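Text of the file coords33.cif, holding mmCIF, C-alpha atoms:
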data_query
#
loop_
_atom_site.label_atom_id
_atom_site.label_comp_id
_atom_site.auth_asym_id
_atom_site.auth_seq_id
_atom_site.Cartn_x
_atom_site.Cartn_y
_atom_site.Cartn_z
CA ILE A 15 -16.08 -57.91 -85.73
CA ILE A 16 -19.59 -56.57 -86.32
CA ILE A 17 -18.32 -53.21 -87.57
CA ALA A 18 -15.83 -54.88 -89.92
CA ALA A 19 -18.49 -57.23 -91.27
CA SER A 20 -20.97 -54.37 -91.74
CA PHE A 21 -18.67 -52.70 -94.31
CA ALA A 22 -17.48 -55.90 -95.97
CA GLY A 23 -18.55 -57.45 -99.23
CA GLN A 24 -16.57 -60.66 -98.74
CA TRP A 25 -14.75 -62.36 -95.89
CA ASN A 26 -12.82 -65.31 -97.25
CA GLY A 27 -9.51 -64.82 -95.42
CA VAL A 28 -8.25 -63.47 -92.14
CA TRP A 29 -9.52 -59.96 -92.96
CA PRO A 30 -12.68 -58.90 -94.82
CA SER A 31 -12.53 -57.30 -98.25
CA HIS A 32 -14.59 -55.32 -100.79
CA PHE A 33 -15.44 -52.61 -98.29
CA GLY A 34 -18.34 -50.24 -99.00
CA LEU A 35 -21.61 -48.81 -97.76
CA VAL A 36 -23.86 -51.17 -99.71
CA ASN A 37 -24.86 -53.11 -96.59
CA TYR A 38 -25.90 -49.93 -94.79
CA ALA A 39 -27.85 -48.70 -97.82
CA ASP A 40 -29.72 -52.01 -97.98
CA ALA A 41 -30.32 -51.99 -94.21
CA LEU A 42 -31.83 -48.51 -94.21
CA HIS A 43 -34.31 -49.15 -97.03
CA GLY A 44 -37.26 -51.48 -97.31
CA GLN A 45 -38.10 -53.91 -94.54
CA PRO A 46 -34.95 -53.35 -92.40
CA GLY A 47 -35.57 -49.60 -92.34
CA GLY A 48 -39.15 -50.17 -91.25
CA ALA A 49 -37.92 -52.53 -88.55
CA LEU A 50 -35.78 -49.74 -87.06
CA LYS A 51 -38.81 -47.46 -86.84
CA ALA A 52 -40.85 -50.26 -85.26
CA SER A 53 -38.14 -50.96 -82.67
CA ILE A 54 -37.76 -47.30 -81.69
CA ALA A 55 -41.53 -46.78 -81.45
CA THR A 56 -41.98 -49.96 -79.42
CA GLY A 57 -39.09 -49.12 -77.12
CA VAL A 58 -40.22 -45.55 -76.47
CA ILE A 59 -43.87 -46.43 -75.84
CA ALA A 60 -43.18 -49.50 -73.68
CA SER A 61 -40.45 -47.71 -71.68
CA ALA A 62 -42.60 -44.62 -71.11
CA ILE A 63 -45.54 -46.70 -69.84
CA ALA A 64 -43.20 -48.81 -67.71
CA LEU A 65 -41.59 -45.67 -66.26
CA PHE A 66 -44.95 -44.21 -65.29
CA SER A 67 -46.38 -47.44 -63.85
CA GLY A 68 -43.12 -48.39 -62.13
CA THR A 69 -42.78 -44.97 -60.55
CA MET A 70 -46.35 -44.98 -59.30
CA ALA A 71 -45.95 -48.51 -57.92
CA ALA A 72 -42.69 -47.63 -56.16
CA LEU A 73 -44.24 -44.53 -54.61
CA ALA A 74 -47.35 -46.45 -53.53
CA LEU A 75 -45.32 -49.23 -51.88
CA ARG A 76 -42.76 -46.90 -50.35
CA GLY A 77 -44.11 -47.15 -46.83
CA LEU A 78 -45.11 -50.82 -46.98
CA LYS A 79 -43.07 -53.24 -44.89
CA GLY A 80 -42.86 -56.93 -44.11
CA ALA A 81 -44.36 -59.87 -45.98
CA PRO A 82 -46.81 -57.81 -48.11
CA ARG A 83 -43.92 -55.74 -49.46
CA ARG A 84 -41.83 -58.82 -50.23
CA ALA A 85 -44.77 -60.48 -51.98
CA LEU A 86 -45.44 -57.45 -54.16
CA ASP A 87 -41.74 -57.04 -54.94
CA LEU A 88 -41.68 -60.66 -56.07
CA MET A 89 -44.69 -60.05 -58.30
CA PHE A 90 -43.03 -57.04 -59.95
CA PHE A 91 -39.67 -58.77 -60.49
CA MET A 92 -41.06 -62.13 -61.65
CA PRO A 93 -41.19 -61.21 -65.40
CA SER A 94 -37.42 -60.59 -65.33
CA ALA A 95 -36.78 -64.01 -63.80
CA VAL A 96 -38.53 -66.14 -66.43
CA PRO A 97 -37.47 -66.72 -70.06
CA SER A 98 -38.89 -64.12 -72.43
CA VAL A 99 -40.24 -66.91 -74.63
CA SER A 100 -42.59 -67.92 -71.82
CA VAL A 101 -43.85 -64.33 -71.65
CA GLY A 102 -44.58 -64.40 -75.38
CA LEU A 103 -46.37 -67.74 -75.09
CA GLY A 104 -48.45 -66.47 -72.16
CA LEU A 105 -49.53 -63.43 -74.15
CA LEU A 106 -50.48 -65.58 -77.13
CA VAL A 107 -52.61 -67.83 -74.93
CA ALA A 108 -54.21 -64.88 -73.13
CA PHE A 109 -54.96 -62.62 -76.10
CA SER A 110 -55.64 -64.96 -79.03
CA ARG A 111 -59.38 -65.24 -78.40
CA PRO A 112 -62.28 -62.96 -77.35
CA PRO A 113 -63.07 -60.94 -75.33
CA VAL A 114 -59.57 -59.40 -75.69
CA LEU A 115 -58.19 -60.35 -79.10
CA LEU A 116 -54.77 -58.79 -79.65
CA ASN A 117 -52.98 -61.49 -81.62
CA GLY A 118 -51.71 -60.04 -84.89
CA THR A 119 -51.65 -56.43 -83.66
CA THR A 120 -48.80 -54.11 -82.67
CA ALA A 121 -50.37 -53.75 -79.21
CA ILE A 122 -49.35 -57.27 -78.21
CA VAL A 123 -45.70 -56.50 -79.08
CA ILE A 124 -45.77 -53.37 -76.92
CA ILE A 125 -47.39 -55.29 -74.07
CA ALA A 126 -44.71 -57.99 -74.31
CA HIS A 127 -41.95 -55.39 -74.04
CA LEU A 128 -43.80 -53.62 -71.23
CA VAL A 129 -44.02 -56.82 -69.21
CA LEU A 130 -40.33 -57.53 -69.68
CA VAL A 131 -38.97 -54.06 -68.84
CA SER A 132 -41.38 -52.99 -66.09
CA ALA A 133 -39.41 -54.84 -63.41
CA PHE A 134 -36.29 -52.82 -64.16
CA THR A 135 -38.07 -49.46 -63.99
CA TYR A 136 -39.71 -50.43 -60.72
CA GLY A 137 -36.38 -51.56 -59.29
CA ALA A 138 -34.51 -48.44 -60.38
CA VAL A 139 -37.13 -46.05 -58.96
CA THR A 140 -37.36 -48.05 -55.73
CA ALA A 141 -33.59 -47.81 -55.34
CA GLY A 142 -33.79 -44.07 -55.96
CA LEU A 143 -36.47 -43.60 -53.32
CA MET A 144 -34.28 -45.39 -50.79
CA GLN A 145 -31.52 -42.82 -51.40
CA LEU A 146 -33.66 -39.71 -50.99
CA PRO A 147 -33.12 -37.73 -47.77
CA ALA A 148 -36.35 -37.98 -45.79
CA ASP A 149 -35.82 -34.61 -44.09
CA VAL A 150 -36.16 -32.72 -47.38
CA GLU A 151 -39.68 -33.99 -47.96
CA GLN A 152 -40.54 -33.49 -44.31
CA MET A 153 -39.38 -29.87 -44.46
CA ALA A 154 -41.53 -29.28 -47.55
CA GLU A 155 -44.49 -30.76 -45.71
CA SER A 156 -43.84 -28.61 -42.64
CA LEU A 157 -43.86 -25.52 -44.87
CA GLY A 158 -47.38 -26.35 -46.02
CA ALA A 159 -46.70 -28.23 -49.26
CA THR A 160 -49.55 -30.50 -50.30
CA PRO A 161 -48.72 -34.13 -51.21
CA ALA A 162 -49.21 -33.41 -54.91
CA TYR A 163 -47.01 -30.28 -54.79
CA ARG A 164 -44.34 -32.12 -52.78
CA LEU A 165 -44.33 -34.96 -55.30
CA ARG A 166 -44.09 -32.61 -58.29
CA ARG A 167 -41.57 -30.09 -56.93
CA VAL A 168 -39.48 -32.11 -54.46
CA THR A 169 -39.65 -35.90 -54.88
CA LEU A 170 -39.68 -36.26 -58.68
CA PRO A 171 -36.90 -33.69 -59.31
CA LEU A 172 -34.70 -35.50 -56.79
CA LEU A 173 -35.54 -38.76 -58.55
CA ALA A 174 -34.63 -37.40 -62.00
CA PRO A 175 -31.31 -39.29 -62.31
CA TYR A 176 -33.00 -42.55 -61.32
CA LEU A 177 -35.90 -41.91 -63.70
CA ALA A 178 -33.42 -41.32 -66.52
CA ALA A 179 -31.58 -44.52 -65.63
CA ALA A 180 -34.84 -46.47 -65.49
CA PHE A 181 -36.02 -45.24 -68.88
CA SER A 182 -32.59 -45.75 -70.46
CA LEU A 183 -32.27 -49.31 -69.19
CA SER A 184 -35.82 -50.15 -70.27
CA PHE A 185 -35.28 -48.70 -73.74
CA ALA A 186 -31.97 -50.53 -74.22
CA LEU A 187 -33.54 -53.83 -73.14
CA SER A 188 -36.53 -53.26 -75.40
CA MET A 189 -34.34 -52.49 -78.42
CA GLY A 190 -32.53 -55.81 -78.00
CA GLU A 191 -35.49 -58.03 -77.07
CA LEU A 192 -35.95 -61.06 -79.34
CA GLY A 193 -37.53 -64.08 -77.61
CA ALA A 194 -41.02 -62.81 -76.81
CA THR A 195 -41.13 -60.54 -79.87
CA ALA A 196 -40.42 -63.41 -82.25
CA MET A 197 -43.50 -65.23 -80.91
CA VAL A 198 -46.02 -62.38 -81.04
CA TYR A 199 -45.01 -59.90 -83.77
CA PRO A 200 -47.45 -59.30 -86.65
CA PRO A 201 -46.12 -59.36 -90.24
CA GLY A 202 -46.05 -55.56 -90.53
CA TRP A 203 -44.27 -54.90 -87.22
CA MET A 204 -40.93 -56.73 -87.26
CA THR A 205 -38.43 -55.23 -84.85
CA VAL A 206 -34.71 -54.97 -85.59
CA PRO A 207 -33.64 -58.07 -83.57
CA VAL A 208 -36.24 -60.19 -85.37
CA THR A 209 -35.08 -58.80 -88.73
CA ILE A 210 -31.41 -59.44 -87.87
CA PHE A 211 -32.27 -63.02 -86.96
CA ALA A 212 -34.16 -63.47 -90.24
CA LEU A 213 -31.30 -61.96 -92.29
CA THR A 214 -28.59 -64.09 -90.71
CA ASP A 215 -30.79 -67.18 -90.86
CA ARG A 216 -30.94 -66.91 -94.64
CA GLY A 217 -27.24 -66.11 -94.98
CA ASP A 218 -27.23 -62.29 -95.26
CA ILE A 219 -24.55 -61.96 -92.59
CA PHE A 220 -23.10 -58.65 -93.77
CA GLN A 221 -26.46 -56.90 -94.01
CA GLY A 222 -27.35 -58.30 -90.60
CA ALA A 223 -24.11 -56.88 -89.22
CA ALA A 224 -24.90 -53.46 -90.71
CA LEU A 225 -28.36 -53.51 -89.17
CA THR A 226 -26.82 -54.54 -85.82
CA ALA A 227 -24.45 -51.56 -85.97
CA ILE A 228 -27.39 -49.27 -86.76
CA LEU A 229 -29.29 -50.74 -83.81
CA ILE A 230 -26.37 -50.01 -81.46
CA ILE A 231 -25.98 -46.45 -82.76
CA ALA A 232 -29.72 -45.72 -82.50
CA THR A 233 -29.86 -47.10 -78.95
CA LEU A 234 -26.87 -45.08 -77.78
CA ALA A 235 -28.21 -41.94 -79.45
CA MET A 236 -31.57 -42.28 -77.71
CA LEU A 237 -29.86 -42.89 -74.36
CA GLY A 238 -27.81 -39.74 -74.87
CA VAL A 239 -30.93 -37.69 -75.62
CA VAL A 240 -32.62 -39.04 -72.47
CA GLN A 241 -29.63 -38.23 -70.29
CA VAL A 242 -29.34 -34.66 -71.61
CA GLY A 243 -33.08 -34.06 -71.28
CA MET A 244 -33.24 -35.37 -67.74
CA ARG A 245 -30.18 -33.37 -66.72
CA ARG A 246 -31.74 -30.17 -67.97
CA LEU A 247 -35.08 -31.00 -66.35
CA SER A 248 -33.39 -31.76 -63.04
CA ARG A 249 -31.41 -28.54 -63.17
#

The structure in this file should be written as structure tokens.
Amino acid sequence: IIIAASFAGQWNGVWPSHFGLVNYADALHGQPGGALKASIATGVIASAIALFSGTMAALALRGLKGAPRRALDLMFFMPSAVPSVSVGLGLLVAFSRPPVLLNGTTAIVIIAHLVLVSAFTYGAVTAGLMQLPADVEQMAESLGATPAYRLRRVTLPLLAPYLAAAFSLSFALSMGELGATAMVYPPGWMTVPVTIFALTDRGDIFQGAALTAILIIATLAMLGVVQVGMRRLSR
């Protein structure tokens, strides 16, 4: 339905009509085109930071057991359990006054996405660590590998598929995030979901459909690049 509407000029019957590329041309220029760049930049930055912080947290808590581990797991997963609108409201309350004034900046959008996707990177890396064979790391240690060398040459390469999955999931979630973004975005940093909502709200359904198709294609293309890069790095 979205693909059909993205090429349509009218849809008055069962099937659309007046097919063309006008909707895509309009979606790639002006404000919608800038929204695509903003979404990709936000998704890449937020997912990269979430991947690093989630990986470090998972490694740090790897040997922790019992109630402290459950409490920290709950803290990491809590942002994924609450509505994204509440995350946006919390950021507005926290960063709309000194000493940290971020309201109206692109940084608050990136922080909102980081908060929302960090739980998924932490969960994916934690699941990957649970699947690693412990004897491989122990053999590296017995051969004289330092902790840093073991992490760089043994643990992280074995985690490469899980790291790729964590980044891919975070990026896909960031590209489609609307609730928190709609509350905190500055005028010059509208993401694609916010722009699609604005277009459809004022009746530009066909242009909104074209921008939705572009969003899907851009997300899938980035996920493909990540998968190929991680596969080569792992090899």

Subject >> Chain and number of each residue from the PyMOL selection byres ((chain A and resi 164) around 10), as a list in words >> reply: Val150, Glu151, Gln152, Met153, Ala154, Glu155, Gly158, Ala159, Thr160, Pro161, Ala162, Tyr163, Leu165, Arg166, Arg167, Val168, Thr169 and Leu170 of chain A

Original post:
When the PyMOL selection byres ((chain A and resi 173) around 8) is applied to the file above, which residues end up in the set, as a VMD selection string?
Top reply: chain A and resid 139 142 to 143 146 169 to 172 174 to 177

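Non-sequential neighbours of region 93-109 of chain A (distance at most 6 Å, separation of 3 or more positions within a chain, only C-alpha atoms) are A:Val114, A:Leu115, A:Leu116, A:Asn117, A:Leu130, A:Gly193, A:Ala194, A:Met197.
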
Keeping C-alpha atoms, export the residues of the selection given above as a CSV table (one decimal), in the frame of the given file.
chain,number,residue,atom,x,y,z
A,114,VAL,CA,-59.6,-59.4,-75.7
A,115,LEU,CA,-58.2,-60.4,-79.1
A,116,LEU,CA,-54.8,-58.8,-79.6
A,117,ASN,CA,-53.0,-61.5,-81.6
A,130,LEU,CA,-40.3,-57.5,-69.7
A,193,GLY,CA,-37.5,-64.1,-77.6
A,194,ALA,CA,-41.0,-62.8,-76.8
A,197,MET,CA,-43.5,-65.2,-80.9

Counting all atoms listed in the file, what is within 6 Å of region 198-214 of chain A, bar same-chain residues fewer than 3 positions away, as a compact mmCIF listing (two decimals) with C-alpha atoms, keeping the file's coordinate frame?
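Result saved to out25.txt:
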# COMPACT_ATOMS: atom_id res chain seq x y z
CA ALA A 49 -37.92 -52.53 -88.55
CA LEU A 50 -35.78 -49.74 -87.06
CA ALA A 52 -40.85 -50.26 -85.26
CA SER A 53 -38.14 -50.96 -82.67
CA GLY A 118 -51.71 -60.04 -84.89
CA THR A 119 -51.65 -56.43 -83.66
CA VAL A 123 -45.70 -56.50 -79.08
CA LEU A 192 -35.95 -61.06 -79.34
CA THR A 195 -41.13 -60.54 -79.87
CA GLY A 217 -27.24 -66.11 -94.98
CA ASP A 218 -27.23 -62.29 -95.26
CA ILE A 219 -24.55 -61.96 -92.59
CA GLY A 222 -27.35 -58.30 -90.60

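Here CA of Gly48 (chain A) and CA of Ala133 (chain A) stand 28.2 Å from one another.
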
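Distance cut-off 7 Å, centre (-37.1, -53.8, -75.9), atoms counted all atoms listed in the file; the residues meeting this are Gly57, His127, Ser184, Phe185, Ala186, Leu187, Ser188, Met189, Gly190 and Glu191 of chain A.
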
How would the residues just picked look written out with C-alpha atoms as a PDB file, keeping the file's coordinate frame?
ATOM      1  CA  GLY A  57     -39.090 -49.120 -77.120  1.00  0.00           C
ATOM      2  CA  HIS A 127     -41.950 -55.390 -74.040  1.00  0.00           C
ATOM      3  CA  SER A 184     -35.820 -50.150 -70.270  1.00  0.00           C
ATOM      4  CA  PHE A 185     -35.280 -48.700 -73.740  1.00  0.00           C
ATOM      5  CA  ALA A 186     -31.970 -50.530 -74.220  1.00  0.00           C
ATOM      6  CA  LEU A 187     -33.540 -53.830 -73.140  1.00  0.00           C
ATOM      7  CA  SER A 188     -36.530 -53.260 -75.400  1.00  0.00           C
ATOM      8  CA  MET A 189     -34.340 -52.490 -78.420  1.00  0.00           C
ATOM      9  CA  GLY A 190     -32.530 -55.810 -78.000  1.00  0.00           C
ATOM     10  CA  GLU A 191     -35.490 -58.030 -77.070  1.00  0.00           C
TER      11      GLU A 191
END

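A straight line drawn from CA of Ile17 (chain A) to CA of Leu225 (chain A) is 10.2 Å long.
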
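Our summary of the geometry notes that CA of Arg216 (chain A) is positioned 14.9 Å from CA of Ala41 (chain A).
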
**OP:** For the structure shown, which residues end up in the PyMOL selection byres ((chain A and resi 18) around 9)? Put them as a list in words, please?
**Re:** Ile15, Ile16, Ile17, Ala19, Ser20, Phe21, Ala22, Trp29, Pro30, Phe33 and Ala223 of chain A

Given the selection you just returned, output its residues as a file containing C-alpha atoms, formatted as a compact mmCIF listing (two decimals), in the coordinates of the input.
# COMPACT_ATOMS: atom_id res chain seq x y z
CA ILE A 15 -16.08 -57.91 -85.73
CA ILE A 16 -19.59 -56.57 -86.32
CA ILE A 17 -18.32 -53.21 -87.57
CA ALA A 19 -18.49 -57.23 -91.27
CA SER A 20 -20.97 -54.37 -91.74
CA PHE A 21 -18.67 -52.70 -94.31
CA ALA A 22 -17.48 -55.90 -95.97
CA TRP A 29 -9.52 -59.96 -92.96
CA PRO A 30 -12.68 -58.90 -94.82
CA PHE A 33 -15.44 -52.61 -98.29
CA ALA A 223 -24.11 -56.88 -89.22

**OP:** Please work out which residues fall within 12 Å of (-44.5, -45.7, -73.6), coordinates as given in the file, with only C-alpha atoms counting, and return them as a list in words.
**Re:** Ile54, Ala55, Thr56, Gly57, Val58, Ile59, Ala60, Ser61, Ala62, Ile63, Ala64, Leu65, Phe66, Ser67, Gly68, Ala121, Ile124, Ile125, His127, Leu128, Val129, Val131, Ser132, Phe181, Ser184, Phe185 and Ser188 of chain A

5 Å per side around region 105-116 of chain A: axis-aligned box centre and edge lengths, as lines of an AutoDock Vina configuration file:
center_x = -56.3
center_y = -63.3
center_z = -76.4
size_x = 23.5
size_y = 19.0
size_z = 16.5

**OP:** Considering all atoms listed in the file, state which residue in the set A:Gly238, A:Gly27, A:Gly137, A:Pro147 is at the smallest distance from Met70 (chain A).
**Re:** A:Gly137
